[in-house]
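Source file: data.tsv; contents: TSV, C-alpha atoms.
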chain	number	residue	atom	x	y	z
A	18	MET	CA	95.09	132.00	102.87
A	19	GLN	CA	91.78	130.64	101.56
A	20	MET	CA	92.17	126.92	100.90
A	21	PRO	CA	89.28	125.13	99.17
A	22	LEU	CA	87.79	122.47	101.46
A	23	THR	CA	88.08	119.97	98.61
A	24	GLN	CA	91.86	120.41	98.75
A	25	ALA	CA	91.97	120.08	102.54
A	26	ILE	CA	89.92	116.88	102.40
A	27	ALA	CA	91.92	115.44	99.48
A	28	MET	CA	95.23	116.06	101.26
A	29	GLY	CA	93.83	114.65	104.50
A	30	ILE	CA	92.85	111.47	102.66
A	31	LEU	CA	96.28	111.27	101.08
A	32	GLN	CA	98.01	111.72	104.44
A	33	GLY	CA	95.84	109.14	106.16
A	34	LEU	CA	96.34	106.58	103.38
A	35	ALA	CA	100.09	106.97	102.99
A	36	GLU	CA	101.19	107.62	106.58
A	37	PHE	CA	100.54	104.08	107.81
A	38	ALA	CA	100.79	101.98	104.66
A	39	PRO	CA	104.55	101.73	104.01
A	40	ILE	CA	104.41	103.87	100.86
A	41	SER	CA	105.63	107.29	102.14
A	42	SER	CA	103.17	110.06	102.94
A	43	SER	CA	105.82	112.75	102.41
A	44	ALA	CA	106.49	111.53	98.87
A	45	HIS	CA	102.79	111.50	98.02
A	46	LEU	CA	102.14	114.95	99.49
A	47	ILE	CA	104.96	116.29	97.28
A	48	LEU	CA	104.42	114.24	94.14
A	49	VAL	CA	100.63	114.26	93.77
A	50	PRO	CA	100.35	118.09	93.59
A	51	TRP	CA	103.32	118.12	91.19
A	52	LEU	CA	101.73	115.40	89.07
A	53	ILE	CA	98.31	117.04	88.78
A	54	HIS	CA	99.55	120.64	88.77
A	55	PRO	CA	97.39	121.75	85.78
A	56	LEU	CA	94.25	120.43	87.52
A	57	VAL	CA	95.33	122.00	90.82
A	58	SER	CA	95.69	125.38	89.15
A	59	ALA	CA	92.31	125.09	87.43
A	60	LYS	CA	90.55	124.24	90.69
A	61	GLY	CA	92.13	127.17	92.52
A	62	TRP	CA	94.01	124.95	94.96
A	63	VAL	CA	96.78	126.46	97.07
A	64	GLU	CA	100.19	125.40	95.75
A	65	ASP	CA	101.92	125.57	99.14
A	66	PRO	CA	99.53	124.98	102.07
A	67	GLY	CA	102.31	125.88	104.53
A	68	GLN	CA	103.62	124.46	107.78
A	69	SER	CA	100.40	124.99	109.74
A	70	PHE	CA	98.46	122.67	107.44
A	71	ASP	CA	101.29	120.13	107.52
A	72	ALA	CA	101.12	120.23	111.32
A	73	ALA	CA	97.36	119.73	111.17
A	74	LEU	CA	97.75	116.61	109.03
A	75	HIS	CA	100.36	115.20	111.44
A	76	LEU	CA	98.06	115.85	114.40
A	77	GLY	CA	95.26	114.08	112.54
A	78	THR	CA	97.30	110.92	112.01
A	79	ALA	CA	98.59	111.11	115.60
A	80	LEU	CA	94.96	111.25	116.73
A	81	ALA	CA	94.23	108.12	114.66
A	82	LEU	CA	97.09	106.28	116.42
A	83	ILE	CA	95.97	107.41	119.87
A	84	LEU	CA	92.36	106.39	119.25
A	85	TYR	CA	93.22	103.01	117.74
A	86	PHE	CA	95.70	102.06	120.46
A	87	ARG	CA	93.91	103.97	123.25
A	88	SER	CA	93.51	101.04	125.66
A	89	GLU	CA	97.06	99.89	125.04
A	90	TRP	CA	98.44	103.38	125.59
A	91	VAL	CA	96.58	103.66	128.90
A	92	SER	CA	98.18	100.44	130.14
A	93	LEU	CA	101.60	101.43	128.75
A	94	VAL	CA	101.55	104.82	130.46
A	95	GLU	CA	100.38	103.29	133.74
A	96	ALA	CA	103.10	100.63	133.61
A	97	TRP	CA	105.77	103.17	132.68
A	98	TRP	CA	104.74	105.44	135.56
A	99	GLY	CA	104.80	102.43	137.83
A	100	SER	CA	108.35	101.64	136.72
A	101	LEU	CA	109.43	105.14	137.76
A	102	SER	CA	107.92	104.74	141.21
A	103	GLY	CA	109.28	101.24	141.65
A	104	ALA	CA	105.88	99.57	141.49
A	105	GLN	CA	106.77	97.93	138.17
A	106	THR	CA	110.04	96.44	136.93
A	107	TRP	CA	111.64	95.90	133.54
A	108	GLU	CA	110.28	92.35	133.61
A	109	ASN	CA	106.73	93.70	133.43
A	110	PRO	CA	105.81	93.36	129.71
A	111	LYS	CA	103.96	96.68	129.51
A	112	ALA	CA	106.62	98.65	131.38
A	113	ARG	CA	109.29	97.05	129.23
A	114	LEU	CA	107.44	97.90	126.00
A	115	ALA	CA	106.92	101.49	127.16
A	116	TRP	CA	110.67	101.94	127.73
A	117	LEU	CA	111.45	100.28	124.37
A	118	ILE	CA	109.17	102.80	122.63
A	119	ILE	CA	111.00	105.64	124.39
A	120	ILE	CA	114.38	104.19	123.32
A	121	ALA	CA	113.16	103.89	119.72
A	122	THR	CA	111.67	107.40	119.68
A	123	ILE	CA	114.77	109.33	120.78
A	124	PRO	CA	116.93	108.82	117.62
A	125	GLY	CA	114.06	109.77	115.31
A	126	ALA	CA	113.34	112.92	117.30
A	127	ILE	CA	116.99	113.99	117.25
A	128	PHE	CA	117.52	113.38	113.54
A	129	GLY	CA	114.17	114.97	112.72
A	130	LYS	CA	115.07	118.15	114.58
A	131	LEU	CA	118.52	118.35	112.95
A	132	MET	CA	117.76	117.34	109.36
A	133	GLU	CA	114.06	117.59	108.44
A	134	LYS	CA	114.05	121.17	107.17
A	135	ARG	CA	117.27	120.70	105.17
A	136	LEU	CA	116.01	117.56	103.44
A	137	SER	CA	112.58	119.08	102.79
A	138	ALA	CA	114.27	122.00	101.04
A	139	LEU	CA	116.59	119.66	99.13
A	140	PHE	CA	113.69	117.65	97.69
A	141	ASP	CA	111.44	120.62	96.91
A	142	PRO	CA	110.26	120.47	93.25
A	143	GLY	CA	109.82	124.24	93.28
A	144	THR	CA	113.54	124.68	93.98
A	145	HIS	CA	115.10	121.67	92.26
A	146	SER	CA	113.67	120.45	88.98
A	147	TRP	CA	115.17	116.99	89.51
A	148	ALA	CA	113.42	116.48	92.86
A	149	PRO	CA	110.38	114.49	91.57
A	150	ALA	CA	112.65	112.00	89.76
A	151	ALA	CA	114.83	111.63	92.85
A	152	ILE	CA	111.81	111.00	95.06
A	153	GLY	CA	110.47	108.48	92.53
A	154	GLY	CA	113.82	106.68	92.60
A	155	VAL	CA	113.87	106.61	96.40
A	156	LEU	CA	110.26	105.37	96.46
A	157	ALA	CA	111.13	102.39	94.24
A	158	ALA	CA	114.51	101.63	95.85
A	159	ALA	CA	113.10	101.63	99.39
A	160	GLY	CA	110.37	99.30	98.17
A	161	LEU	CA	112.98	96.81	96.98
A	162	VAL	CA	114.75	97.02	100.34
A	163	LEU	CA	111.42	96.26	102.05
A	164	TRP	CA	110.95	93.28	99.73
A	165	ALA	CA	114.44	91.95	100.57
A	166	ALA	CA	113.85	92.32	104.32
A	167	ASP	CA	110.49	90.57	104.07
A	168	ARG	CA	111.92	87.76	101.98
A	169	THR	CA	115.08	87.10	103.99
A	170	GLY	CA	114.00	87.98	107.54
A	171	ARG	CA	113.41	85.02	109.86
A	172	LYS	CA	110.04	86.40	111.05
A	173	ASP	CA	110.16	84.18	114.15
A	174	ARG	CA	110.18	86.84	116.86
A	175	SER	CA	107.14	88.40	118.53
A	176	MET	CA	106.76	91.80	120.24
A	177	GLU	CA	107.72	90.20	123.56
A	178	ARG	CA	111.18	89.41	122.16
A	179	VAL	CA	112.10	92.95	121.06
A	180	SER	CA	115.33	93.91	122.85
A	181	ARG	CA	116.75	97.30	123.76
A	182	LEU	CA	119.23	96.99	120.88
A	183	ASP	CA	116.39	96.14	118.50
A	184	ALA	CA	114.47	99.22	119.63
A	185	LEU	CA	117.53	101.42	119.13
A	186	ILE	CA	118.18	100.06	115.63
A	187	ILE	CA	114.54	100.45	114.62
A	188	GLY	CA	114.59	103.96	116.07
A	189	LEU	CA	117.71	104.84	114.11
A	190	SER	CA	116.07	103.58	110.91
A	191	GLN	CA	113.61	106.47	111.21
A	192	ALA	CA	116.39	108.83	110.15
A	193	MET	CA	116.11	107.36	106.64
A	194	ALA	CA	112.43	108.32	106.60
A	195	LEU	CA	113.46	111.98	106.44
A	196	PHE	CA	114.19	111.33	102.75
A	197	PRO	CA	110.87	111.71	100.91
A	198	GLY	CA	110.00	108.34	99.43
A	199	VAL	CA	111.40	106.15	102.20
A	200	SER	CA	108.38	106.23	104.59
A	201	ARG	CA	108.56	106.19	108.37
A	202	SER	CA	106.47	103.04	108.65
A	203	GLY	CA	108.35	101.51	105.71
A	204	ALA	CA	111.77	102.16	107.29
A	205	THR	CA	110.80	100.88	110.74
A	206	ILE	CA	108.93	97.83	109.43
A	207	THR	CA	111.90	97.02	107.18
A	208	ALA	CA	114.26	97.29	110.14
A	209	GLY	CA	111.99	95.11	112.28
A	210	LEU	CA	111.75	92.41	109.60
A	211	SER	CA	115.54	92.50	109.12
A	212	LEU	CA	115.94	91.86	112.85
A	213	GLY	CA	113.73	88.77	112.64
A	214	LEU	CA	110.42	90.16	113.88
A	215	ASN	CA	107.31	88.68	112.34
A	216	ARG	CA	105.24	90.98	110.14
A	217	GLU	CA	102.59	91.75	112.72
A	218	ALA	CA	105.16	92.51	115.45
A	219	ALA	CA	107.25	94.72	113.15
A	220	THR	CA	104.16	96.64	112.03
A	221	ARG	CA	102.60	96.97	115.47
A	222	PHE	CA	105.85	98.19	117.04
A	223	SER	CA	106.26	100.62	114.14
A	224	PHE	CA	102.82	102.11	114.77
A	225	LEU	CA	103.24	102.34	118.54
A	226	MET	CA	106.60	104.09	118.24
A	227	ALA	CA	105.14	106.42	115.61
A	228	THR	CA	102.59	107.80	118.08
A	229	PRO	CA	104.84	110.04	120.21
A	230	ILE	CA	107.03	111.17	117.31
A	231	THR	CA	104.08	111.98	115.02
A	232	LEU	CA	102.29	113.84	117.79
A	233	GLY	CA	105.52	115.61	118.76
A	234	ALA	CA	106.25	116.64	115.17
A	235	GLY	CA	102.81	118.19	114.79
A	236	LEU	CA	102.97	120.04	118.11
A	237	LEU	CA	106.52	121.24	117.46
A	238	LYS	CA	105.51	122.75	114.13
A	239	LEU	CA	102.62	124.54	115.81
A	240	ILE	CA	104.96	125.93	118.48
A	241	GLU	CA	107.41	127.12	115.82
A	242	LEU	CA	104.57	128.90	114.03
A	243	ARG	CA	103.66	131.07	117.04
A	244	HIS	CA	105.91	133.91	115.89
A	245	SER	CA	105.76	133.11	112.17
A	246	THR	CA	104.32	135.55	109.65
A	247	GLU	CA	103.52	132.72	107.25
A	248	ALA	CA	99.96	132.77	105.92
A	249	HIS	CA	97.94	129.76	106.92
A	250	PRO	CA	94.68	128.21	105.74
A	251	GLN	CA	91.38	129.18	107.36
A	252	ALA	CA	90.18	127.27	110.42
A	253	SER	CA	87.62	125.23	108.46
A	254	ALA	CA	90.37	123.86	106.16
A	255	LEU	CA	92.61	123.01	109.12
A	256	ILE	CA	89.77	121.19	110.89
A	257	ALA	CA	88.83	119.33	107.69
A	258	GLY	CA	92.45	118.23	107.26
A	259	VAL	CA	92.72	117.00	110.84
A	260	LEU	CA	89.44	115.08	110.80
A	261	THR	CA	89.93	113.55	107.37
A	262	SER	CA	93.48	112.36	108.04
A	263	ALA	CA	92.37	110.99	111.44
A	264	VAL	CA	89.40	109.02	110.06
A	265	VAL	CA	91.27	107.65	107.04
A	266	GLY	CA	94.37	106.95	109.13
A	267	TYR	CA	92.33	104.95	111.65
A	268	ILE	CA	90.83	102.82	108.88
A	269	VAL	CA	94.25	102.23	107.29
A	270	ILE	CA	95.88	101.25	110.62
A	271	ARG	CA	93.19	98.63	111.15
A	272	TRP	CA	93.47	97.35	107.60
A	273	VAL	CA	97.29	97.16	107.55
A	274	LEU	CA	97.48	95.28	110.87
A	275	GLY	CA	94.95	92.77	109.57
A	276	TYR	CA	96.61	92.49	106.18
A	277	VAL	CA	100.13	91.70	107.46
A	278	GLN	CA	98.77	88.80	109.52
A	279	ARG	CA	97.74	87.07	106.31
A	280	GLN	CA	99.95	88.43	103.52
A	281	ASN	CA	103.53	89.40	102.69
A	282	MET	CA	104.70	92.90	101.79
A	283	ASN	CA	104.57	92.39	98.01
A	284	LEU	CA	101.49	94.59	97.50
A	285	PHE	CA	103.31	97.62	98.91
A	286	VAL	CA	106.54	96.73	97.12
A	287	VAL	CA	104.85	96.45	93.72
A	288	TYR	CA	102.99	99.70	94.24
A	289	ARG	CA	106.18	101.54	95.23
A	290	VAL	CA	108.17	100.26	92.26
A	291	ILE	CA	105.42	101.01	89.73
A	292	ALA	CA	104.70	104.44	91.25
A	293	GLY	CA	108.39	105.33	91.34
A	294	ALA	CA	108.93	104.27	87.72
A	295	PHE	CA	105.79	106.17	86.65
A	296	ILE	CA	106.97	109.39	88.33
A	297	ILE	CA	110.41	109.11	86.74
A	298	ALA	CA	108.81	108.54	83.32
A	299	ILE	CA	106.51	111.58	83.72
A	300	TRP	CA	109.42	113.71	84.91
A	301	PHE	CA	111.54	112.63	81.92
A	302	ALA	CA	108.67	113.34	79.49
A	303	ARG	CA	108.05	116.81	80.94
A	304	THR	CA	111.75	117.66	81.02
A	305	HIS	CA	112.26	116.40	77.46
A	306	ALA	CA	109.26	118.47	76.35
A	307	GLY	CA	110.83	121.54	77.94
A	308	GLY	CA	108.62	121.80	80.97
Exercise: express the given structure as structure tokens:
Amino acid sequence: MQMPLTQAIAMGILQGLAEFAPISSSAHLILVPWLIHPLVSAKGWVEDPGQSFDAALHLGTALALILYFRSEWVSLVEAWWGSLSGAQTWENPKARLAWLIIIATIPGAIFGKLMEKRLSALFDPGTHSWAPAAIGGVLAAAGLVLWAADRTGRKDRSMERVSRLDALIIGLSQAMALFPGVSRSGATITAGLSLGLNREAATRFSFLMATPITLGAGLLKLIELRHSTEAHPQASALIAGVLTSAVVGYIVIRWVLGYVQRQNMNLFVVYRVIAGAFIIAIWFARTHAGG
């Protein structure tokens, strides 16, 4: 499959932008090609890049997380290993955080394995004509839920006060992110805010717990593709997708963490509601026009 490098770079940018801002990367990767389909066709872009390219984008954003939090991950892994050998205890903040991330990761991994393919097929515009409108509705609705959590949450708890139950609840919230339009970061940040975490703590914990599951999702897709006959883009397109999503993702992680220290979530909420309403309006216009 010969994918134009412009498409690989554009999709890498889209993945990097939407993966960490709570606006749903899966929704954007589905809706943007649907929205600009005439232009896509004219430019010779590939309509379905396939699972290998999707895995490449996930590995790119996982790389961004690893690079941004590299020093923290080194200390977390060391403390976790120390807790296994008895050198560290649960009272050690780093060992405790490492175990909390593991607790939060398990539910998302289980639900992802069981439901991801079914929900991806359910919300495929190529199979279901109503899919774009449904995703637009989910995009807007999840934005309103984020707004409610940000408005009503106490926001008086730091990362050091995250409990095992908190980690489990935040981890379970990732199951909702399997619906295109919800957003993994959006679901976990919403859950964290609802539990009383401050914005920075909810966002930082969301990003840390996203690292193993994003990396795992990308590697799992690559493993599943070993015996697949599916055509995949050329190596240059895969590399461009990985590098672009990694660079853009790194920049967005840094920006979001800085932003939530100073501002509320209204920017993301307004964007989600407007984008969702716009998609529904375009879908209605195309359907009413007979295509």
Worksheet item: Taking only C-alpha atoms into account, which of A:Arg216, A:His305, A:Lys111, A:Arg289 comes nearest A:Lys172?
Response: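 Of the candidates, the smallest distance to A:Lys172 is held by A:Arg216.
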Worksheet entry | Counting all atoms listed in the file, the option among A:Gln32, A:Thr228, A:Gln278, A:Ser41 closest to A:Tyr85 | A:Thr228
Contact check, stretch 88-162 of chain A to stretch 43-47 of chain A, at most 10 Å, counting only C-alpha atoms, closest pairs as JSON lines:
{"residue": "A:Ser137", "atom": "CA", "partner": "A:Ser43", "partner_atom": "CA", "distance": 9.3}
{"residue": "A:Phe140", "atom": "CA", "partner": "A:Ile47", "partner_atom": "CA", "distance": 8.8}
{"residue": "A:Asp141", "atom": "CA", "partner": "A:Ile47", "partner_atom": "CA", "distance": 7.8}
{"residue": "A:Pro142", "atom": "CA", "partner": "A:Ile47", "partner_atom": "CA", "distance": 7.9}
{"residue": "A:Ala148", "atom": "CA", "partner": "A:Ile47", "partner_atom": "CA", "distance": 9.5}
{"residue": "A:Pro149", "atom": "CA", "partner": "A:Ile47", "partner_atom": "CA", "distance": 8.1}
{"residue": "A:Ile152", "atom": "CA", "partner": "A:Ala44", "partner_atom": "CA", "distance": 6.6}
{"residue": "A:Gly153", "atom": "CA", "partner": "A:Ala44", "partner_atom": "CA", "distance": 8.1}
{"residue": "A:Val155", "atom": "CA", "partner": "A:Ala44", "partner_atom": "CA", "distance": 9.2}
{"residue": "A:Leu156", "atom": "CA", "partner": "A:Ala44", "partner_atom": "CA", "distance": 7.6}
Residues as selected, C-alpha atoms, written as a PDB file, in the frame of the given file, can you do that?
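again.pdb was written with the following content:
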ATOM      1  CA  SER A 137     112.580 119.080 102.790  1.00  0.00           C
ATOM      2  CA  PHE A 140     113.690 117.650  97.690  1.00  0.00           C
ATOM      3  CA  ASP A 141     111.440 120.620  96.910  1.00  0.00           C
ATOM      4  CA  PRO A 142     110.260 120.470  93.250  1.00  0.00           C
ATOM      5  CA  ALA A 148     113.420 116.480  92.860  1.00  0.00           C
ATOM      6  CA  PRO A 149     110.380 114.490  91.570  1.00  0.00           C
ATOM      7  CA  ILE A 152     111.810 111.000  95.060  1.00  0.00           C
ATOM      8  CA  GLY A 153     110.470 108.480  92.530  1.00  0.00           C
ATOM      9  CA  VAL A 155     113.870 106.610  96.400  1.00  0.00           C
ATOM     10  CA  LEU A 156     110.260 105.370  96.460  1.00  0.00           C
TER      11      LEU A 156
END
Practice prompt. Please provide the set of residues having any atom within 10 Å of A:Thr23, restricted to all atoms listed in the file, with same-chain residues fewer than 6 positions apart removed, written as a list in words.
Written response: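 Within the cut-off, the hits are Gly29, Lys60, Trp62, Ala254, Ala257 and Gly258 of chain A.
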Discussion item. Would you compute the distance between atom CA of A:Thr78 and atom CA of A:Phe222? Give it in Å to one decimal.
Written reply: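 Between these atoms lies a distance of 16.1 Å.
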